[in-house]
$ cat entry27.txt   # compact mmCIF, C-alpha atoms
# COMPACT_ATOMS: atom_id res chain seq x y z
CA MET A 1 45.85 -9.92 67.61
CA ARG A 2 45.11 -6.55 66.08
CA GLU A 3 41.35 -7.12 66.39
CA GLY A 4 41.74 -8.19 70.02
CA SER A 5 43.89 -5.14 70.75
CA ARG A 6 41.25 -2.89 69.20
CA MET A 7 38.52 -4.52 71.30
CA GLY A 8 40.64 -4.05 74.41
CA ALA A 9 41.17 -0.37 73.62
CA TRP A 10 37.44 0.22 73.18
CA GLY A 11 36.81 -1.69 76.39
CA ARG A 12 39.08 0.75 78.27
CA VAL A 13 37.34 3.70 76.60
CA THR A 14 33.91 2.32 77.58
CA ALA A 15 34.97 1.67 81.18
CA THR A 16 36.43 5.17 81.43
CA LEU A 17 33.25 6.73 80.05
CA LEU A 18 31.12 4.73 82.51
CA ALA A 19 33.23 5.93 85.44
CA ALA A 20 33.03 9.48 84.08
CA TRP A 21 29.23 9.26 83.82
CA CYS A 22 29.01 8.09 87.44
CA ALA A 23 31.24 10.99 88.50
CA ALA A 24 29.00 13.42 86.60
CA GLN A 25 25.94 12.03 88.41
CA LEU A 26 27.70 12.52 91.75
CA CYS A 27 28.55 16.13 90.83
CA LEU A 28 24.93 16.73 89.82
CA TRP A 29 23.84 15.43 93.22
CA LEU A 30 26.42 17.65 94.96
CA HIS A 31 25.38 20.67 92.82
CA THR A 32 28.92 21.42 91.68
CA PRO A 33 29.53 23.81 88.77
CA ILE A 34 29.78 22.34 85.23
CA PRO A 35 29.17 18.81 86.61
CA TRP A 36 29.31 17.07 83.22
CA MET A 37 32.91 18.19 82.68
CA LEU A 38 34.37 18.59 86.18
CA GLY A 39 33.26 15.17 87.45
CA PRO A 40 34.68 13.25 84.48
CA LEU A 41 37.87 15.33 84.51
CA ILE A 42 38.62 14.77 88.21
CA VAL A 43 37.76 11.07 88.37
CA THR A 44 39.66 10.30 85.15
CA ALA A 45 42.72 12.25 86.30
CA LEU A 46 42.75 10.47 89.69
CA ALA A 47 42.26 7.06 88.08
CA SER A 48 44.97 7.72 85.51
CA MET A 49 47.51 8.85 88.11
CA SER A 50 46.74 5.79 90.24
CA GLY A 51 47.75 3.58 87.33
CA LEU A 52 44.33 2.40 86.18
CA PRO A 53 44.04 1.74 82.39
CA THR A 54 41.92 4.78 81.49
CA SER A 55 41.56 5.71 77.84
CA SER A 56 40.00 8.42 75.70
CA SER A 57 38.81 8.23 72.10
CA GLY A 58 40.10 10.89 69.75
CA TRP A 59 36.92 10.56 67.69
CA LEU A 60 34.72 11.20 70.72
CA ARG A 61 36.88 14.17 71.80
CA ASN A 62 36.54 15.68 68.33
CA ALA A 63 32.78 15.08 68.40
CA GLY A 64 32.59 16.81 71.79
CA GLN A 65 34.50 19.84 70.52
CA TRP A 66 32.22 19.88 67.46
CA VAL A 67 29.06 19.99 69.58
CA ILE A 68 30.42 22.70 71.89
CA GLY A 69 31.61 24.79 68.93
CA VAL A 70 28.15 24.62 67.35
CA ALA A 71 26.41 25.51 70.62
CA LEU A 72 28.64 28.53 71.22
CA GLY A 73 28.22 29.85 67.69
CA LEU A 74 24.44 30.06 68.21
CA TYR A 75 24.98 32.91 70.69
CA PHE A 76 26.35 35.27 68.03
CA THR A 77 23.15 37.03 67.01
CA PRO A 78 23.52 40.30 65.05
CA GLN A 79 22.94 42.35 68.21
CA VAL A 80 25.52 40.41 70.21
CA SER A 81 28.06 40.51 67.38
CA ALA A 82 27.73 44.29 67.20
CA LEU A 83 28.53 44.40 70.92
CA VAL A 84 31.58 42.17 70.44
CA VAL A 85 32.86 44.30 67.55
CA SER A 86 32.49 47.43 69.67
CA LEU A 87 34.75 45.79 72.26
CA TRP A 88 37.71 45.38 69.85
CA TRP A 89 39.89 47.65 71.97
CA ALA A 90 39.18 45.61 75.09
CA ILE A 91 40.05 42.40 73.24
CA VAL A 92 43.36 43.93 72.11
CA LEU A 93 44.13 44.91 75.72
CA ALA A 94 43.27 41.37 76.88
CA ILE A 95 45.65 39.89 74.27
CA ALA A 96 48.46 42.21 75.39
CA TRP A 97 47.74 41.27 79.01
CA ALA A 98 47.90 37.53 78.25
CA LEU A 99 51.21 37.88 76.40
CA ALA A 100 52.74 40.00 79.16
CA LEU A 101 51.47 37.71 81.92
CA GLY A 102 52.82 34.62 80.18
CA ALA A 103 56.21 36.28 79.61
CA LEU A 104 56.42 37.27 83.27
CA PHE A 105 55.55 33.75 84.41
CA GLY A 106 58.18 32.33 82.05
CA TRP A 107 60.82 34.68 83.46
CA CYS A 108 59.96 33.53 86.99
CA LEU A 109 60.17 29.86 86.00
CA HIS A 110 63.53 30.49 84.32
CA ARG A 111 65.00 32.15 87.42
CA GLN A 112 63.61 29.52 89.78
CA HIS A 113 64.65 26.41 87.83
CA ALA A 114 67.81 27.43 85.96
CA ALA A 115 69.95 25.41 88.41
CA ASP A 116 67.62 22.38 88.33
CA PHE A 117 67.91 22.09 84.55
CA ALA A 118 71.52 23.20 84.19
CA TYR A 119 72.15 20.26 81.85
CA LEU A 120 69.97 21.98 79.22
CA SER A 121 71.50 24.46 76.82
CA PRO A 122 70.59 28.13 77.48
CA ARG A 123 68.33 28.14 74.42
CA ALA A 124 66.59 24.88 75.41
CA LEU A 125 66.08 26.09 78.99
CA ARG A 126 64.64 29.40 77.82
CA ALA A 127 62.36 27.62 75.33
CA THR A 128 61.15 25.22 78.04
CA THR A 129 60.25 27.95 80.53
CA TYR A 130 58.89 30.34 77.89
CA PHE A 131 56.52 27.95 76.12
CA SER A 132 55.46 26.35 79.42
CA SER A 133 54.16 29.71 80.59
CA ALA A 134 52.46 30.95 77.41
CA ILE A 135 48.67 31.18 77.85
CA GLY A 136 47.70 29.12 74.83
CA GLY A 137 46.68 25.66 73.73
CA ALA A 138 48.68 22.88 75.37
CA SER A 139 49.26 20.84 72.22
CA GLU A 140 50.18 23.90 70.14
CA MET A 141 52.64 25.20 72.74
CA THR A 142 54.22 21.74 73.04
CA LEU A 143 54.72 21.55 69.27
CA LEU A 144 56.19 25.05 69.15
CA SER A 145 58.54 24.27 72.01
CA GLU A 146 59.75 21.12 70.24
CA ARG A 147 60.85 23.20 67.25
CA HIS A 148 63.04 25.28 69.56
CA GLY A 149 64.67 22.35 71.38
CA ALA A 150 62.71 22.52 74.65
CA ARG A 151 61.97 19.62 76.98
CA THR A 152 58.50 18.92 75.65
CA ASP A 153 57.51 16.67 78.56
CA LEU A 154 57.95 19.59 80.96
CA VAL A 155 56.03 21.92 78.64
CA ALA A 156 53.13 19.48 78.26
CA ALA A 157 53.07 18.82 82.01
CA ALA A 158 53.03 22.56 82.77
CA HIS A 159 50.04 23.19 80.52
CA SER A 160 48.18 20.18 81.92
CA VAL A 161 48.66 21.49 85.47
CA ARG A 162 47.63 25.02 84.46
CA LEU A 163 44.48 23.78 82.75
CA LEU A 164 43.54 21.51 85.64
CA CYS A 165 43.95 24.32 88.19
CA VAL A 166 41.95 26.81 86.13
CA VAL A 167 39.16 24.40 85.13
CA ILE A 168 38.59 23.39 88.75
CA ALA A 169 39.09 26.74 90.50
CA VAL A 170 37.33 29.18 88.15
CA PRO A 171 33.93 27.40 87.90
CA PHE A 172 33.77 26.98 91.69
CA GLY A 173 34.67 30.65 92.11
CA MET A 174 31.99 31.70 89.64
CA GLN A 175 29.37 29.50 91.30
CA TRP A 176 30.26 30.91 94.71
CA ALA A 177 29.95 34.45 93.35
CA GLN A 178 26.63 33.57 91.74
CA HIS A 179 25.25 32.34 95.08
CA ARG A 180 26.83 35.21 97.02
CA TRP A 181 25.75 38.10 94.81
CA GLY A 182 23.04 36.54 92.65
CA LEU A 183 24.64 37.00 89.23
CA HIS A 184 21.77 37.40 86.78
CA VAL A 185 21.35 36.26 83.21
CA ASP A 186 21.58 39.00 80.60
CA ALA A 187 18.77 38.12 78.18
CA SER A 188 20.48 40.06 75.37
CA LEU A 189 23.39 37.58 75.47
CA LEU A 190 21.29 34.41 75.18
CA PRO A 191 21.50 32.25 72.02
CA GLY A 192 19.32 32.76 68.95
CA PRO A 193 17.53 29.41 68.55
CA ARG A 194 16.71 27.93 71.97
CA LEU A 195 14.74 24.81 70.98
CA ALA A 196 15.98 21.77 69.11
CA HIS A 197 14.12 21.09 65.85
CA TRP A 198 14.19 18.28 63.30
CA PRO A 199 15.34 18.30 60.50
CA GLY A 200 16.97 21.67 61.35
CA LEU A 201 19.40 19.92 63.69
CA LEU A 202 20.47 17.66 60.80
CA TRP A 203 21.17 20.63 58.49
CA LEU A 204 23.09 22.33 61.28
CA ALA A 205 25.15 19.18 61.86
CA LEU A 206 25.95 18.78 58.16
CA ALA A 207 26.94 22.42 57.68
CA THR A 208 29.16 22.53 60.74
CA ALA A 209 30.72 19.15 59.92
CA ALA A 210 31.71 20.61 56.56
CA GLY A 211 33.31 23.53 58.41
CA ALA A 212 35.27 21.12 60.59
CA GLY A 213 36.35 19.14 57.53
CA LEU A 214 37.60 22.27 55.81
CA MET A 215 39.62 23.25 58.87
CA VAL A 216 41.16 19.77 58.97
CA VAL A 217 42.11 19.99 55.28
CA VAL A 218 43.80 23.39 55.67
CA LYS A 219 45.42 22.20 58.94
CA ARG A 220 44.10 24.90 61.26
CA THR A 221 44.33 24.83 65.05
CA ASN A 222 41.47 23.10 66.91
CA PRO A 223 39.65 22.27 63.65
CA TRP A 224 36.78 20.38 65.29
CA PHE A 225 36.06 23.34 67.54
CA MET A 226 36.90 26.34 65.36
CA GLY A 227 35.26 25.08 62.15
CA PRO A 228 31.82 24.37 63.67
CA LEU A 229 32.06 27.55 65.77
CA LEU A 230 32.66 29.76 62.71
CA VAL A 231 29.96 28.08 60.60
CA SER A 232 27.40 28.19 63.42
CA MET A 233 28.33 31.81 64.08
CA GLY A 234 27.93 32.70 60.39
CA LEU A 235 24.51 31.05 60.18
CA THR A 236 23.26 32.80 63.32
CA LEU A 237 24.55 36.17 62.08
CA SER A 238 22.68 35.57 58.80
CA GLY A 239 19.42 35.01 60.66
CA VAL A 240 19.37 31.24 60.00
CA ALA A 241 17.91 29.53 63.07
CA TRP A 242 17.68 25.88 62.13
CA SER A 243 17.88 24.43 65.62
CA ALA A 244 19.39 24.68 69.06
CA VAL A 245 21.73 21.98 70.37
CA PRO A 246 19.87 19.56 72.69
CA ASN A 247 20.98 19.80 76.32
CA GLY A 248 21.69 16.06 76.47
CA LEU A 249 24.07 16.35 73.53
CA SER A 250 25.84 19.30 75.16
CA ASP A 251 26.18 17.34 78.42
CA ALA A 252 27.67 14.36 76.57
CA ALA A 253 30.14 16.66 74.81
CA GLN A 254 31.28 18.10 78.13
CA LEU A 255 31.75 14.58 79.48
CA VAL A 256 34.06 13.42 76.67
CA ILE A 257 36.03 16.68 76.84
CA GLY A 258 36.50 16.16 80.58
CA VAL A 259 37.71 12.60 79.97
CA SER A 260 40.13 13.75 77.26
CA LEU A 261 41.66 16.22 79.73
CA GLY A 262 41.81 13.71 82.58
CA VAL A 263 43.66 10.95 80.69
CA ARG A 264 46.69 13.25 80.29
CA PHE A 265 47.57 12.63 83.93
CA ARG A 266 49.35 9.27 83.88
CA ARG A 267 51.13 7.65 86.85
CA GLU A 268 54.53 8.89 85.63
CA PHE A 269 53.12 12.43 85.55
CA ILE A 270 53.49 12.93 89.30
CA HIS A 271 57.12 11.83 89.08
CA THR A 272 57.94 14.43 86.41
CA ALA A 273 60.05 17.02 88.25
CA PRO A 274 57.74 17.54 91.28
CA GLN A 275 59.27 20.93 92.10
CA TRP A 276 58.54 22.05 88.55
CA LEU A 277 54.90 21.02 88.83
CA LEU A 278 54.55 22.80 92.19
CA SER A 279 56.04 25.97 90.71
CA VAL A 280 53.63 25.81 87.78
CA ALA A 281 50.65 25.26 90.07
CA GLY A 282 51.65 28.15 92.33
CA GLY A 283 52.28 30.39 89.35
CA THR A 284 48.91 29.44 87.87
CA PHE A 285 47.03 30.50 91.00
CA LEU A 286 48.98 33.77 91.01
CA MET A 287 48.06 34.31 87.34
CA MET A 288 44.42 33.65 88.18
CA ALA A 289 44.55 36.23 90.99
CA LEU A 290 46.15 38.82 88.72
CA SER A 291 43.69 38.02 85.92
CA LEU A 292 40.84 38.46 88.40
CA GLY A 293 42.02 42.02 89.03
CA PHE A 294 42.46 42.62 85.30
CA GLY A 295 38.97 41.25 84.58
CA LEU A 296 37.45 43.58 87.17
CA LEU A 297 39.31 46.52 85.62
CA MET A 298 38.05 45.57 82.15
CA ALA A 299 34.50 45.24 83.49
CA TRP A 300 34.75 48.76 84.88
CA LEU A 301 36.09 50.08 81.57
CA THR A 302 33.51 48.32 79.38
CA GLY A 303 30.48 48.44 81.68
CA LEU A 304 29.90 44.70 81.24
CA HIS A 305 29.30 42.25 84.06
CA PRO A 306 32.52 41.41 86.00
CA ALA A 307 31.86 37.66 85.77
CA THR A 308 31.86 37.84 81.96
CA LEU A 309 35.18 39.68 81.77
CA ILE A 310 36.77 37.48 84.45
CA LEU A 311 35.96 34.39 82.38
CA GLY A 312 37.00 36.14 79.17
CA THR A 313 40.47 36.95 80.53
CA ALA A 314 41.04 33.83 82.70
CA PRO A 315 44.20 31.86 81.79
CA GLY A 316 42.24 28.76 80.73
CA GLY A 317 41.21 27.11 77.47
CA ILE A 318 38.50 28.33 75.10
CA ALA A 319 36.18 25.36 75.43
CA GLU A 320 36.50 25.10 79.22
CA MET A 321 35.91 28.80 79.95
CA ALA A 322 33.11 29.03 77.38
CA ILE A 323 31.45 25.92 78.83
CA THR A 324 31.59 27.55 82.28
CA ALA A 325 29.98 30.69 80.85
CA LYS A 326 27.34 28.61 79.04
CA VAL A 327 26.33 26.49 82.03
CA LEU A 328 26.23 29.47 84.40
CA GLN A 329 24.85 31.75 81.62
CA LEU A 330 27.46 34.46 82.06
CA GLY A 331 27.91 36.21 78.72
CA VAL A 332 28.91 33.29 76.48
CA PRO A 333 29.58 35.24 73.24
CA VAL A 334 31.79 37.83 74.93
CA VAL A 335 33.76 35.13 76.76
CA THR A 336 34.12 33.12 73.55
CA ALA A 337 35.24 36.14 71.52
CA PHE A 338 37.87 37.12 74.08
CA GLN A 339 39.20 33.57 74.38
CA VAL A 340 39.22 32.84 70.63
CA CYS A 341 40.95 36.10 69.71
CA ARG A 342 43.52 35.57 72.46
CA LEU A 343 44.32 32.04 71.32
CA VAL A 344 44.76 33.10 67.69
CA ALA A 345 46.98 36.03 68.69
CA VAL A 346 49.09 33.93 71.07
CA LEU A 347 49.63 31.21 68.46
CA MET A 348 50.70 33.84 65.93
CA LEU A 349 52.92 35.90 68.23
CA VAL A 350 54.64 33.67 70.81
CA GLY A 351 57.04 32.15 68.27
CA PRO A 352 58.23 35.51 66.83
CA MET A 353 58.41 36.96 70.36
CA PHE A 354 60.66 34.11 71.45
CA GLN A 355 62.98 34.67 68.49
CA TRP A 356 63.00 38.41 69.16
CA GLY A 357 63.89 37.80 72.80
CA LEU A 358 66.75 35.52 71.82
CA GLY A 359 68.04 38.15 69.38
CA ARG A 360 67.99 40.83 72.05
CA LYS A 361 69.84 38.57 74.47
CA LYS A 362 72.58 37.88 71.90
CA THR A 363 73.10 41.57 71.15
CA ALA A 364 73.03 42.57 74.83
$ encode --input "entry27.txt" --output "structure tokens"
Amino acid sequence: MREGSRMGAWGRVTATLLAAWCAAQLCLWLHTPIPWMLGPLIVTALASMSGLPTSSSGWLRNAGQWVIGVALGLYFTPQVSALVVSLWWAIVLAIAWALALGALFGWCLHRQHAADFAYLSPRALRATTYFSSAIGGASEMTLLSERHGARTDLVAAAHSVRLLCVVIAVPFGMQWAQHRWGLHVDASLLPGPRLAHWPGLLWLALATAAGAGLMVVVKRTNPWFMGPLLVSMGLTLSGVAWSAVPNGLSDAAQLVIGVSLGVRFRREFIHTAPQWLLSVAGGTFLMMALSLGFGLLMAWLTGLHPATLILGTAPGGIAEMAITAKVLQLGVPVVTAFQVCRLVAVLMLVGPMFQWGLGRKKTA
């Protein structure tokens, strides 16, 4: 029975991947942005919500994050890294902006839905709205919210909606801007090695796999993304240019990441507090509009291209925003640095900020 169940699970994974590949081909034909991720994400989400037995492999998702982490790390040449370091003040401002924006969104959700969730304790309600609005990783925010007694299903649903809105809207917006104003590639922000070599690709794979393994052992966030990213970044900074990541491998990685995002949207998802999901979607588009203005301000302050800073400060995930920057060639290392630093800061600070807010409320 167990063997048959395992075969059935892999059959669902294979069927889902085949549908995702077909969707990617359609997006390529339609010339949509980031076709290898958007197509699989949309078709998998629609199929999942319609009740079809879609499935994603955790091993493949980890492999996809590994490949993307390696590819992004190759952009951090010494010249680019010096630019990123010189932007430390802008990164700090972006972190403060993300924390403030998330707190404001959480306050709005709390005011709007306090009556709907009156059965929750004041602490549980505040934890639900607060962690649902934090601009950070969905799984990490869900785990943090669980420790504080929140309704984790609402938190997970909120982050899934936010990510879906951002991943669909931002790439299309960037592509439109690219066609409208002819956004150009900054050659100084291109990766170090640009051709795949053998056996250099093997050494790169082994080194970055070791980085991922170390991150898993020490239980760090996003180990299969952060470990390879840091190792690849370190090698590039040291002048080691073993190999680039083949485009086909990068496309496959985007496909499995898109599938892993799409399978979150099960049939019961659309029945999970519809008003809550609508509020989150509306709030997400408002956050994107505000972040657009903030990104333009940061571009003016730093002198960098607006598209780069808009992606760097967008309320999306690291991999998704960096993939958008990579495919459209819009300042990958700067976008990655902004997104990585923001995620680390948010994961470190949202918990203490929640406790601090509760303390202030008690003493008020």
$ residues_near_point --input "entry27.txt" --point "(51.7, 34.0, 67.1)" --cutoff "12 Å" --atoms "all atoms listed in the file" --output "short mmCIF file (atom, residue, chain, number, x, y, z; two decimals) with C-alpha atoms, in the coordinates of the input"
data_model
loop_
_atom_site.label_atom_id
_atom_site.label_comp_id
_atom_site.auth_asym_id
_atom_site.auth_seq_id
_atom_site.Cartn_x
_atom_site.Cartn_y
_atom_site.Cartn_z
CA ILE A 95 45.65 39.89 74.27
CA LEU A 99 51.21 37.88 76.40
CA PHE A 131 56.52 27.95 76.12
CA ALA A 134 52.46 30.95 77.41
CA ILE A 135 48.67 31.18 77.85
CA GLY A 136 47.70 29.12 74.83
CA GLY A 137 46.68 25.66 73.73
CA GLU A 140 50.18 23.90 70.14
CA MET A 141 52.64 25.20 72.74
CA LEU A 144 56.19 25.05 69.15
CA THR A 221 44.33 24.83 65.05
CA CYS A 341 40.95 36.10 69.71
CA ARG A 342 43.52 35.57 72.46
CA LEU A 343 44.32 32.04 71.32
CA VAL A 344 44.76 33.10 67.69
CA ALA A 345 46.98 36.03 68.69
CA VAL A 346 49.09 33.93 71.07
CA LEU A 347 49.63 31.21 68.46
CA MET A 348 50.70 33.84 65.93
CA LEU A 349 52.92 35.90 68.23
CA VAL A 350 54.64 33.67 70.81
CA GLY A 351 57.04 32.15 68.27
CA PRO A 352 58.23 35.51 66.83
CA MET A 353 58.41 36.96 70.36
CA PHE A 354 60.66 34.11 71.45
CA GLN A 355 62.98 34.67 68.49
#
$ residues_around --input "entry27.txt" --residues "A:Met49" --least-positions-apart "3" --cutoff "12 Å" --atoms "all atoms listed in the file" --output "number ranges by chain"
A: 42-46, 52-54, 262-272
$ residues_around --input "entry27.txt" --residues "A:Ala253" --least-positions-apart "3" --cutoff "10 Å" --atoms "only C-alpha atoms" --output "PDB file with C-alpha atoms, keeping the file's coordinate frame"
ATOM      1  CA  TRP A  36      29.310  17.070  83.220  1.00  0.00           C
ATOM      2  CA  MET A  37      32.910  18.190  82.680  1.00  0.00           C
ATOM      3  CA  LEU A  60      34.720  11.200  70.720  1.00  0.00           C
ATOM      4  CA  ARG A  61      36.880  14.170  71.800  1.00  0.00           C
ATOM      5  CA  ASN A  62      36.540  15.680  68.330  1.00  0.00           C
ATOM      6  CA  ALA A  63      32.780  15.080  68.400  1.00  0.00           C
ATOM      7  CA  GLY A  64      32.590  16.810  71.790  1.00  0.00           C
ATOM      8  CA  GLN A  65      34.500  19.840  70.520  1.00  0.00           C
ATOM      9  CA  TRP A  66      32.220  19.880  67.460  1.00  0.00           C
ATOM     10  CA  VAL A  67      29.060  19.990  69.580  1.00  0.00           C
ATOM     11  CA  ILE A  68      30.420  22.700  71.890  1.00  0.00           C
ATOM     12  CA  ASN A 247      20.980  19.800  76.320  1.00  0.00           C
ATOM     13  CA  GLY A 248      21.690  16.060  76.470  1.00  0.00           C
ATOM     14  CA  LEU A 249      24.070  16.350  73.530  1.00  0.00           C
ATOM     15  CA  SER A 250      25.840  19.300  75.160  1.00  0.00           C
ATOM     16  CA  VAL A 256      34.060  13.420  76.670  1.00  0.00           C
ATOM     17  CA  ILE A 257      36.030  16.680  76.840  1.00  0.00           C
ATOM     18  CA  GLY A 258      36.500  16.160  80.580  1.00  0.00           C
TER      19      GLY A 258
END
$ closest_residue --input "entry27.txt" --among "A:Gly312, A:Met287, A:Ala319, A:Lys219" --to "A:Ala100" --atoms "all atoms listed in the file"
A:Met287
$ atom_distance --input "entry27.txt" --atom1 "atom CA of A:Gly73" --atom2 "atom CA of A:Met321"
14.5 Å
$ atom_distance --input "entry27.txt" --atom1 "atom CA of A:Pro171" --atom2 "atom CA of A:Gly69"
19.3 Å
$ closest_residue --input "entry27.txt" --among "A:Gln79, A:Ala150, A:Val259, A:Val217" --to "A:Ala20" --atoms "only C-alpha atoms"
A:Val259
$ residues_near_point --input "entry27.txt" --point "(53.0, 38.8, 83.3)" --cutoff "12 Å" --atoms "all atoms listed in the file" --output "number ranges by chain"
A: 94-109, 130, 133-135, 283-284, 286-291, 294, 315
$ atom_distance --input "entry27.txt" --atom1 "atom CA of A:Ala241" --atom2 "atom CA of A:Val216"
25.5 Å
$ closest_residue --input "entry27.txt" --among "A:Leu255, A:Thr208, A:Glu320, A:Pro78" --to "A:Leu17" --atoms "all atoms listed in the file"
A:Leu255
$ closest_residue --input "entry27.txt" --among "A:Leu292, A:Ala156, A:Ala307, A:Ala15" --to "A:Val332" --atoms "all atoms listed in the file"
A:Ala307
$ decode --input "entry27.txt" --residues "stretch 280-287 of chain A" --atoms "all heavy atoms" --output "PDB file, in the first residue's frame"
ATOM      1  N   VAL A 280      -7.034  41.543   2.155  1.00  0.00           N
ATOM      2  CA  VAL A 280      -5.586  41.340   1.966  1.00  0.00           C
ATOM      3  C   VAL A 280      -5.180  41.695   0.542  1.00  0.00           C
ATOM      4  O   VAL A 280      -4.155  42.358   0.316  1.00  0.00           O
ATOM      5  CB  VAL A 280      -5.203  39.880   2.293  1.00  0.00           C
ATOM      6  CG1 VAL A 280      -3.758  39.599   1.879  1.00  0.00           C
ATOM      7  CG2 VAL A 280      -5.389  39.603   3.778  1.00  0.00           C
ATOM      8  N   ALA A 281      -5.980  41.278  -0.438  1.00  0.00           N
ATOM      9  CA  ALA A 281      -5.663  41.589  -1.833  1.00  0.00           C
ATOM     10  C   ALA A 281      -5.679  43.096  -2.070  1.00  0.00           C
ATOM     11  O   ALA A 281      -4.760  43.653  -2.696  1.00  0.00           O
ATOM     12  CB  ALA A 281      -6.656  40.893  -2.762  1.00  0.00           C
ATOM     13  N   GLY A 282      -6.718  43.768  -1.571  1.00  0.00           N
ATOM     14  CA  GLY A 282      -6.781  45.221  -1.729  1.00  0.00           C
ATOM     15  C   GLY A 282      -5.626  45.914  -1.037  1.00  0.00           C
ATOM     16  O   GLY A 282      -5.018  46.847  -1.591  1.00  0.00           O
ATOM     17  N   GLY A 283      -5.310  45.462   0.178  1.00  0.00           N
ATOM     18  CA  GLY A 283      -4.185  46.048   0.899  1.00  0.00           C
ATOM     19  C   GLY A 283      -2.860  45.811   0.200  1.00  0.00           C
ATOM     20  O   GLY A 283      -1.968  46.668   0.216  1.00  0.00           O
ATOM     21  N   THR A 284      -2.730  44.644  -0.434  1.00  0.00           N
ATOM     22  CA  THR A 284      -1.491  44.335  -1.160  1.00  0.00           C
ATOM     23  C   THR A 284      -1.287  45.286  -2.330  1.00  0.00           C
ATOM     24  O   THR A 284      -0.176  45.784  -2.557  1.00  0.00           O
ATOM     25  CB  THR A 284      -1.514  42.881  -1.649  1.00  0.00           C
ATOM     26  OG1 THR A 284      -1.574  41.996  -0.526  1.00  0.00           O
ATOM     27  CG2 THR A 284      -0.260  42.567  -2.463  1.00  0.00           C
ATOM     28  N   PHE A 285      -2.345  45.548  -3.084  1.00  0.00           N
ATOM     29  CA  PHE A 285      -2.213  46.468  -4.215  1.00  0.00           C
ATOM     30  C   PHE A 285      -1.919  47.888  -3.732  1.00  0.00           C
ATOM     31  O   PHE A 285      -1.174  48.631  -4.380  1.00  0.00           O
ATOM     32  CB  PHE A 285      -3.476  46.435  -5.071  1.00  0.00           C
ATOM     33  CG  PHE A 285      -3.542  45.240  -5.977  1.00  0.00           C
ATOM     34  CD1 PHE A 285      -4.391  44.184  -5.693  1.00  0.00           C
ATOM     35  CD2 PHE A 285      -2.729  45.159  -7.100  1.00  0.00           C
ATOM     36  CE1 PHE A 285      -4.449  43.075  -6.519  1.00  0.00           C
ATOM     37  CE2 PHE A 285      -2.769  44.058  -7.932  1.00  0.00           C
ATOM     38  CZ  PHE A 285      -3.639  43.001  -7.644  1.00  0.00           C
ATOM     39  N   LEU A 286      -2.477  48.262  -2.579  1.00  0.00           N
ATOM     40  CA  LEU A 286      -2.153  49.570  -2.011  1.00  0.00           C
ATOM     41  C   LEU A 286      -0.689  49.613  -1.585  1.00  0.00           C
ATOM     42  O   LEU A 286       0.008  50.610  -1.829  1.00  0.00           O
ATOM     43  CB  LEU A 286      -3.065  49.860  -0.819  1.00  0.00           C
ATOM     44  CG  LEU A 286      -2.824  51.194  -0.095  1.00  0.00           C
ATOM     45  CD1 LEU A 286      -2.981  52.370  -1.069  1.00  0.00           C
ATOM     46  CD2 LEU A 286      -3.782  51.345   1.083  1.00  0.00           C
ATOM     47  N   MET A 287      -0.194  48.522  -0.970  1.00  0.00           N
ATOM     48  CA  MET A 287       1.213  48.464  -0.580  1.00  0.00           C
ATOM     49  C   MET A 287       2.118  48.546  -1.799  1.00  0.00           C
ATOM     50  O   MET A 287       3.167  49.195  -1.760  1.00  0.00           O
ATOM     51  CB  MET A 287       1.500  47.182   0.205  1.00  0.00           C
ATOM     52  CG  MET A 287       1.019  47.204   1.639  1.00  0.00           C
ATOM     53  SD  MET A 287       1.847  45.958   2.675  1.00  0.00           S
ATOM     54  CE  MET A 287       1.324  44.444   1.897  1.00  0.00           C
TER      55      MET A 287
END
